[in-house]
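Source file: data.cif; contents: mmCIF, C-alpha atoms.
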```cif
data_model
#
loop_
_atom_site.label_atom_id
_atom_site.label_comp_id
_atom_site.auth_asym_id
_atom_site.auth_seq_id
_atom_site.Cartn_x
_atom_site.Cartn_y
_atom_site.Cartn_z
CA MET A 1 5.75 -5.21 3.00
CA LYS A 2 9.45 -5.96 3.19
CA PHE A 3 11.46 -7.99 0.72
CA ARG A 4 13.83 -10.03 2.87
CA PHE A 5 16.95 -10.75 0.89
CA LEU A 6 19.77 -13.18 1.34
CA GLY A 7 22.90 -11.21 2.04
CA ALA A 8 25.73 -10.23 -0.25
CA ALA A 9 27.83 -13.28 0.58
CA ALA A 10 24.99 -15.57 -0.42
CA LEU A 11 24.67 -13.84 -3.78
CA ALA A 12 27.93 -15.38 -4.92
CA ALA A 13 27.79 -18.57 -2.86
CA PHE A 14 26.23 -21.50 -4.67
CA ALA A 15 27.09 -24.19 -2.10
CA LEU A 16 23.72 -23.86 -0.38
CA ALA A 17 21.35 -26.83 -0.06
CA GLY A 18 18.54 -24.56 -1.22
CA CYS A 19 17.73 -20.90 -1.68
CA GLY A 20 16.19 -20.10 1.67
CA GLY A 21 14.14 -16.98 2.11
CA ASP A 22 14.18 -17.35 5.89
CA LYS A 23 17.96 -17.00 6.27
CA SER A 24 18.19 -13.35 5.30
CA ASN A 25 20.32 -10.77 7.07
CA SER A 26 19.19 -7.65 5.25
CA SER A 27 15.85 -6.20 4.18
CA GLY A 28 14.33 -3.27 2.38
CA ASN A 29 10.89 -1.69 2.34
CA LEU A 30 10.70 -1.51 -1.47
CA ALA A 31 6.92 -1.36 -1.84
CA ALA A 32 3.64 -1.63 -0.05
CA VAL A 33 1.64 -4.80 -0.56
CA ALA A 34 -0.76 -4.51 -3.45
CA ASN A 35 -4.37 -4.80 -2.43
CA GLU A 36 -5.57 -8.23 -3.45
CA SER A 37 -8.98 -6.82 -4.24
CA GLY A 38 -7.28 -5.09 -7.17
CA ASN A 39 -6.63 -8.39 -8.96
CA VAL A 40 -8.46 -8.44 -12.27
CA ALA A 41 -10.65 -11.39 -13.23
CA LEU A 42 -9.19 -13.08 -16.30
CA PRO A 43 -11.29 -14.16 -19.30
CA GLN A 44 -11.98 -17.82 -20.10
CA ILE A 45 -9.31 -19.32 -22.34
CA ALA A 46 -10.28 -21.54 -25.25
CA ALA A 47 -8.30 -24.67 -26.14
CA PRO A 48 -5.66 -24.00 -28.81
CA ASN A 49 -6.55 -25.19 -32.30
CA ASN A 50 -3.43 -27.32 -32.54
CA GLY A 51 -4.05 -28.95 -29.17
CA ASP A 52 -0.69 -27.71 -27.84
CA TRP A 53 -1.33 -26.06 -24.49
CA THR A 54 2.28 -24.81 -24.21
CA THR A 55 1.30 -22.03 -26.61
CA VAL A 56 -1.09 -20.63 -24.00
CA VAL A 57 0.63 -18.40 -21.43
CA GLU A 58 -1.42 -15.98 -19.37
CA GLU A 59 -1.00 -13.75 -16.36
CA THR A 60 -2.93 -15.04 -13.36
CA ALA A 61 -4.96 -13.21 -10.75
CA GLU A 62 -2.10 -13.97 -8.33
CA ASN A 63 0.33 -11.93 -10.50
CA GLY A 64 2.10 -15.07 -11.74
CA TYR A 65 2.42 -16.48 -15.25
CA ARG A 66 0.71 -19.75 -16.11
CA MET A 67 1.54 -21.99 -19.05
CA GLY A 68 -1.06 -24.49 -20.16
CA ASN A 69 -4.68 -25.38 -19.71
CA PRO A 70 -6.22 -23.20 -16.97
CA ASP A 71 -8.73 -26.03 -16.35
CA ALA A 72 -6.07 -28.74 -16.19
CA PRO A 73 -6.90 -31.44 -13.64
CA VAL A 74 -3.45 -30.96 -12.13
CA LYS A 75 -2.30 -27.45 -11.31
CA LEU A 76 1.38 -26.99 -10.49
CA VAL A 77 2.46 -23.73 -8.84
CA GLU A 78 6.14 -22.87 -8.41
CA TYR A 79 7.40 -20.02 -6.24
CA ALA A 80 10.85 -19.17 -7.54
CA SER A 81 13.77 -16.74 -7.49
CA ILE A 82 15.54 -16.01 -10.77
CA THR A 83 18.87 -15.83 -8.88
CA CYS A 84 18.41 -19.10 -6.96
CA HIS A 85 20.80 -21.80 -8.17
CA VAL A 86 18.40 -24.59 -7.16
CA CYS A 87 15.72 -23.01 -9.35
CA ALA A 88 18.29 -22.94 -12.17
CA GLU A 89 18.99 -26.64 -11.63
CA PHE A 90 15.26 -27.36 -11.80
CA SER A 91 15.04 -25.41 -15.05
CA GLU A 92 17.99 -27.30 -16.53
CA THR A 93 16.80 -30.76 -15.55
CA GLY A 94 13.03 -30.43 -15.67
CA HIS A 95 11.84 -27.61 -17.92
CA ASN A 96 11.68 -29.50 -21.21
CA GLU A 97 10.18 -32.68 -19.80
CA LEU A 98 7.64 -30.81 -17.68
CA VAL A 99 6.52 -28.77 -20.68
CA ASN A 100 6.51 -31.51 -23.31
CA GLU A 101 5.29 -34.46 -21.27
CA PHE A 102 2.84 -32.84 -18.86
CA VAL A 103 1.81 -29.33 -19.92
CA LYS A 104 1.52 -29.75 -23.69
CA SER A 105 -1.31 -32.28 -23.44
CA GLY A 106 -3.39 -30.12 -21.11
CA GLN A 107 -3.09 -32.50 -18.16
CA VAL A 108 -0.95 -30.11 -16.09
CA SER A 109 -0.78 -26.34 -15.92
CA TRP A 110 2.39 -24.69 -14.61
CA GLU A 111 2.22 -21.34 -12.86
CA TYR A 112 5.39 -19.45 -11.96
CA ARG A 113 5.02 -17.02 -9.07
CA PHE A 114 7.69 -14.50 -8.21
CA TYR A 115 9.43 -14.91 -4.86
CA PRO A 116 12.31 -12.41 -4.65
CA ILE A 117 14.92 -13.33 -2.04
CA PHE A 118 18.16 -12.10 -3.65
CA PRO A 119 18.89 -8.39 -4.26
CA THR A 120 19.24 -9.08 -7.99
CA ASP A 121 15.72 -10.54 -8.21
CA PRO A 122 13.44 -7.46 -8.26
CA GLY A 123 14.98 -5.71 -11.28
CA LEU A 124 15.14 -8.90 -13.34
CA PHE A 125 11.60 -9.89 -12.42
CA MET A 126 10.41 -6.39 -13.36
CA LEU A 127 11.98 -6.70 -16.82
CA LEU A 128 10.63 -10.22 -17.31
CA ARG A 129 7.16 -8.90 -16.52
CA CYS A 130 7.79 -5.98 -18.88
CA GLN A 131 8.11 -8.42 -21.78
CA GLY A 132 4.65 -9.81 -21.06
CA PRO A 133 3.39 -13.39 -20.61
CA GLY A 134 4.22 -14.84 -24.04
CA PRO A 135 8.03 -14.95 -23.87
CA PHE A 136 8.26 -15.33 -20.09
CA PHE A 137 9.08 -19.03 -19.76
CA GLY A 138 11.60 -18.95 -22.60
CA LEU A 139 13.37 -15.87 -21.23
CA SER A 140 13.50 -17.19 -17.68
CA GLU A 141 14.98 -20.45 -18.98
CA GLN A 142 17.70 -18.47 -20.77
CA LEU A 143 18.46 -16.47 -17.61
CA TYR A 144 18.72 -19.64 -15.56
CA ALA A 145 21.08 -21.17 -18.14
CA THR A 146 23.51 -18.23 -17.81
CA GLN A 147 22.89 -17.54 -14.13
CA ARG A 148 26.38 -18.20 -12.81
CA GLU A 149 27.90 -15.77 -15.31
CA TRP A 150 25.68 -12.81 -14.50
CA VAL A 151 25.75 -13.43 -10.75
CA GLU A 152 29.55 -13.28 -10.85
CA ARG A 153 29.41 -10.01 -12.79
CA ALA A 154 27.20 -8.50 -10.08
CA GLY A 155 29.56 -9.32 -7.22
CA PRO A 156 32.03 -6.40 -7.41
CA ALA A 157 29.23 -3.81 -7.40
CA GLN A 158 27.30 -5.03 -4.39
CA ALA A 159 28.83 -2.70 -1.78
CA THR A 160 28.13 0.37 -3.91
CA ILE A 161 24.59 -0.69 -4.81
CA GLN A 162 23.62 -1.44 -1.23
CA GLY A 163 24.37 2.21 -0.41
CA LEU A 164 21.87 3.51 -2.96
CA PRO A 165 18.27 4.48 -2.16
CA LEU A 166 16.10 1.39 -2.30
CA ASP A 167 14.09 2.51 -5.32
CA GLN A 168 17.32 2.87 -7.35
CA GLN A 169 18.69 -0.57 -6.54
CA PRO A 170 16.71 -2.71 -9.03
CA ALA A 171 18.09 -0.74 -12.01
CA ALA A 172 21.59 -0.72 -10.51
CA TRP A 173 21.61 -4.50 -10.13
CA VAL A 174 20.44 -4.94 -13.71
CA ARG A 175 23.33 -2.78 -14.91
CA ALA A 176 25.78 -4.65 -12.68
CA THR A 177 24.74 -8.01 -14.11
CA GLN A 178 24.87 -6.45 -17.61
CA LEU A 179 21.47 -8.00 -18.30
CA ASP A 180 20.08 -4.75 -19.67
CA GLN A 181 21.87 -5.82 -22.85
CA PHE A 182 20.17 -9.24 -22.65
CA PHE A 183 16.75 -7.59 -22.68
CA ARG A 184 17.66 -5.07 -25.39
CA GLN A 185 18.76 -7.94 -27.62
CA ARG A 186 15.31 -9.50 -27.11
CA GLY A 187 13.37 -6.49 -28.25
CA LEU A 188 13.02 -4.30 -25.16
CA PRO A 189 14.18 -0.73 -25.93
CA GLN A 190 16.32 1.07 -23.35
CA GLY A 191 13.60 3.63 -22.74
CA ARG A 192 11.14 0.88 -21.89
CA ILE A 193 13.73 -0.81 -19.65
CA ASP A 194 14.17 2.41 -17.70
CA GLN A 195 10.41 2.87 -17.43
CA CYS A 196 9.84 -0.67 -16.17
CA LEU A 197 12.60 -0.45 -13.58
CA ALA A 198 11.14 2.77 -12.22
CA SER A 199 7.62 1.35 -11.88
CA GLN A 200 6.26 1.42 -8.36
CA GLU A 201 3.29 -0.63 -9.57
CA GLU A 202 5.61 -3.48 -10.58
CA LEU A 203 7.36 -3.33 -7.22
CA GLN A 204 3.96 -3.61 -5.58
CA ARG A 205 3.14 -6.66 -7.66
CA LEU A 206 6.39 -8.33 -6.62
CA ALA A 207 5.77 -7.43 -3.01
CA ALA A 208 2.28 -8.91 -3.22
CA SER A 209 3.64 -12.13 -4.74
CA LYS A 210 6.28 -12.43 -2.03
CA ASP A 211 3.69 -11.76 0.66
CA ARG A 212 1.32 -14.36 -0.79
CA GLY A 213 4.12 -16.93 -0.74
CA ASP A 214 4.93 -16.08 2.87
CA ARG A 215 1.29 -16.61 3.83
CA GLU A 216 1.28 -19.97 2.09
CA GLY A 217 4.33 -21.10 4.05
CA VAL A 218 7.04 -20.55 1.46
CA THR A 219 10.44 -20.04 3.10
CA GLY A 220 12.75 -20.81 0.19
CA THR A 221 12.89 -21.55 -3.52
CA PRO A 222 11.83 -23.40 -5.46
CA SER A 223 8.62 -24.24 -3.57
CA PHE A 224 6.00 -26.33 -5.32
CA PHE A 225 2.27 -26.80 -4.83
CA ILE A 226 0.18 -29.45 -6.58
CA ASN A 227 -3.52 -28.63 -6.61
CA GLY A 228 -3.00 -26.26 -3.71
CA GLU A 229 -1.02 -28.67 -1.55
CA ARG A 230 2.62 -27.94 -0.86
CA VAL A 231 5.02 -30.78 -1.71
CA GLN A 232 8.37 -30.92 0.06
CA VAL A 233 10.59 -31.40 -2.99
CA THR A 234 12.89 -29.11 -4.96
CA ALA A 235 14.30 -31.42 -7.66
CA TRP A 236 12.59 -32.46 -10.88
CA SER A 237 13.46 -36.12 -10.20
CA ALA A 238 11.34 -35.93 -7.04
CA LEU A 239 8.54 -33.78 -8.47
CA LYS A 240 7.98 -35.86 -11.62
CA PRO A 241 6.56 -38.97 -9.88
CA LEU A 242 4.25 -36.76 -7.82
CA LEU A 243 2.84 -35.25 -11.01
CA ARG A 244 2.41 -38.71 -12.50
CA GLN A 245 0.57 -39.81 -9.39
CA ALA A 246 -1.64 -36.71 -9.52
CA ILE A 247 -2.75 -37.39 -13.09
CA GLY A 248 -3.28 -41.06 -12.34
CA GLN A 249 -0.37 -42.58 -14.24
#
```
Please express what this file holds, its structure, as structure tokens.
Amino acid sequence: MKFRFLGAAALAAFALAGCGGDKSNSSGNLAAVANESGNVALPQIAAPNNGDWTTVVEETAENGYRMGNPDAPVKLVEYASITCHVCAEFSETGHNELVNEFVKSGQVSWEYRFYPIFPTDPGLFMLLRCQGPGPFFGLSEQLYATQREWVERAGPAQATIQGLPLDQQPAAWVRATQLDQFFRQRGLPQGRIDQCLASQEELQRLAASKDRGDREGVTGTPSFFINGERVQVTAWSALKPLLRQAIGQ
């Protein structure tokens, strides 16, 4: 399995119409695809006592993180890159409304699946996974909110990092963005950061998620699926009416 990344110029260029995974000019064989038969069946989840489904966040069999009612009549899946500026725009404009208006009631579940297309993605995704399901959506929202700052910090180091062995690059990009400090401030010790960034198992999970997206026709981020059907929208203003239609409003 190869992660196909957008090139160095695209890392700092935010004038793109979208974050396209099919416009790459570099690649790296970071990990073999994880065997799908190794996915673990997840236990049934009971409704929360307070009726607020946003408090329920679980890892899925597809290696994503899902917020909300696993039996929701409308299931939203998002394939996303943490470095993609269009994903950041979706987070800024849609996160709160999606969570409070659709997910909280149990009508919609929202699953985030990892689709790494920028060289900064793997290390950051590995650390997000290292924190576990509970804080995932809050941490990713914070990273999207400060995305431009940490992407700019990464720029000067890109030539040096691209010369490193592939298995050393995730940690190097995290240091270049200075986001190791971000994760330390949120309770992840440096020793655990180093351990997570060296994990071949986590690279395999990311590779499997990217491969799954490729098989489902994902070529860029964000890509959305409603009840298994891909919808050709990237903005919250376009996705919202489709969710309303799906739940019969």
State, in Å with one decimal place, the distance from CA of Gln245 in chain A to CA of Lys210 in chain A.
28.9 Å
Residues within 10 Å of Leu188 in chain A, please, as an MDAnalysis selection string. Count all atoms listed in the file; anything in the same chain fewer than 6 positions from it doesn't count.
chainID A and resid 127 130:131 180:182
Counting only C-alpha atoms, which residue out of A:Ser109, A:Thr55, A:Thr177, A:Thr146 sits closest to Leu243 in chain A?
A:Ser109
As a check of understanding, name the residues that the PyMOL selection byres ((chain A and resi 123) around 8) selects in the supplied structure, as an mmCIF file with C-alpha atoms, in the coordinates of the input.
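New file part.cif:
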```
data_model
loop_
_atom_site.group_PDB
_atom_site.id
_atom_site.type_symbol
_atom_site.label_atom_id
_atom_site.label_comp_id
_atom_site.auth_asym_id
_atom_site.auth_seq_id
_atom_site.Cartn_x
_atom_site.Cartn_y
_atom_site.Cartn_z
ATOM 1 C CA THR A 120 19.240 -9.080 -7.990
ATOM 2 C CA ASP A 121 15.720 -10.540 -8.210
ATOM 3 C CA PRO A 122 13.440 -7.460 -8.260
ATOM 4 C CA LEU A 124 15.140 -8.900 -13.340
ATOM 5 C CA PHE A 125 11.600 -9.890 -12.420
ATOM 6 C CA MET A 126 10.410 -6.390 -13.360
ATOM 7 C CA LEU A 127 11.980 -6.700 -16.820
ATOM 8 C CA GLN A 169 18.690 -0.570 -6.540
ATOM 9 C CA PRO A 170 16.710 -2.710 -9.030
ATOM 10 C CA ALA A 171 18.090 -0.740 -12.010
ATOM 11 C CA TRP A 173 21.610 -4.500 -10.130
ATOM 12 C CA VAL A 174 20.440 -4.940 -13.710
ATOM 13 C CA LEU A 197 12.600 -0.450 -13.580
#
```
Point-to-point distance in Å for CA of Gly163 in chain A and CA of Val151 in chain A
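Interatomic distance here is 18.8 Å.
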What does the distance between CA of Ser209 in chain A and CA of Pro70 in chain A come to in Å, to one decimal place?
19.2 Å
Counting only C-alpha atoms, figure out which residue out of A:Gln158, A:Thr93, A:Gln107, A:Gln178 gets nearest to Glu141 in chain A.
A:Thr93
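Each of A:Phe114, A:Trp53, A:Tyr79, A:Phe225 was compared to Glu202 in chain A using all atoms listed in the file, and A:Phe114 turns out to be the nearest.
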Thr221 in chain A surroundings by all atoms listed in the file, 12 Å radius, close-in-sequence under 3 positions cut, as a ChimeraX atom specification:
/A:6,16-23,77-90,112-118,210,213-214,217-218,224-225,232-235
I need the chosen residues saved as a tab-separated table (two decimals), in the frame of the given file, with C-alpha atoms.
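Listed below is the output, out-v8.tsv:
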```tsv
chain	number	residue	atom	x	y	z
A	6	LEU	CA	19.77	-13.18	1.34
A	16	LEU	CA	23.72	-23.86	-0.38
A	17	ALA	CA	21.35	-26.83	-0.06
A	18	GLY	CA	18.54	-24.56	-1.22
A	19	CYS	CA	17.73	-20.90	-1.68
A	20	GLY	CA	16.19	-20.10	1.67
A	21	GLY	CA	14.14	-16.98	2.11
A	22	ASP	CA	14.18	-17.35	5.89
A	23	LYS	CA	17.96	-17.00	6.27
A	77	VAL	CA	2.46	-23.73	-8.84
A	78	GLU	CA	6.14	-22.87	-8.41
A	79	TYR	CA	7.40	-20.02	-6.24
A	80	ALA	CA	10.85	-19.17	-7.54
A	81	SER	CA	13.77	-16.74	-7.49
A	82	ILE	CA	15.54	-16.01	-10.77
A	83	THR	CA	18.87	-15.83	-8.88
A	84	CYS	CA	18.41	-19.10	-6.96
A	85	HIS	CA	20.80	-21.80	-8.17
A	86	VAL	CA	18.40	-24.59	-7.16
A	87	CYS	CA	15.72	-23.01	-9.35
A	88	ALA	CA	18.29	-22.94	-12.17
A	89	GLU	CA	18.99	-26.64	-11.63
A	90	PHE	CA	15.26	-27.36	-11.80
A	112	TYR	CA	5.39	-19.45	-11.96
A	113	ARG	CA	5.02	-17.02	-9.07
A	114	PHE	CA	7.69	-14.50	-8.21
A	115	TYR	CA	9.43	-14.91	-4.86
A	116	PRO	CA	12.31	-12.41	-4.65
A	117	ILE	CA	14.92	-13.33	-2.04
A	118	PHE	CA	18.16	-12.10	-3.65
A	210	LYS	CA	6.28	-12.43	-2.03
A	213	GLY	CA	4.12	-16.93	-0.74
A	214	ASP	CA	4.93	-16.08	2.87
A	217	GLY	CA	4.33	-21.10	4.05
A	218	VAL	CA	7.04	-20.55	1.46
A	224	PHE	CA	6.00	-26.33	-5.32
A	225	PHE	CA	2.27	-26.80	-4.83
A	232	GLN	CA	8.37	-30.92	0.06
A	233	VAL	CA	10.59	-31.40	-2.99
A	234	THR	CA	12.89	-29.11	-4.96
A	235	ALA	CA	14.30	-31.42	-7.66
```
For Ser91 in chain A, which residue among A:Ala72, A:Leu139, A:Ala198, A:Ala207 is the nearest when counting only C-alpha atoms?
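So, comparing all the options, the nearest one is A:Leu139.
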Apply the PyMOL selection byres ((chain A and resi 104) around 7) to the displayed file and report the matching residues as a ChimeraX atom specification.
/A:52-54,68,99-103,105-106
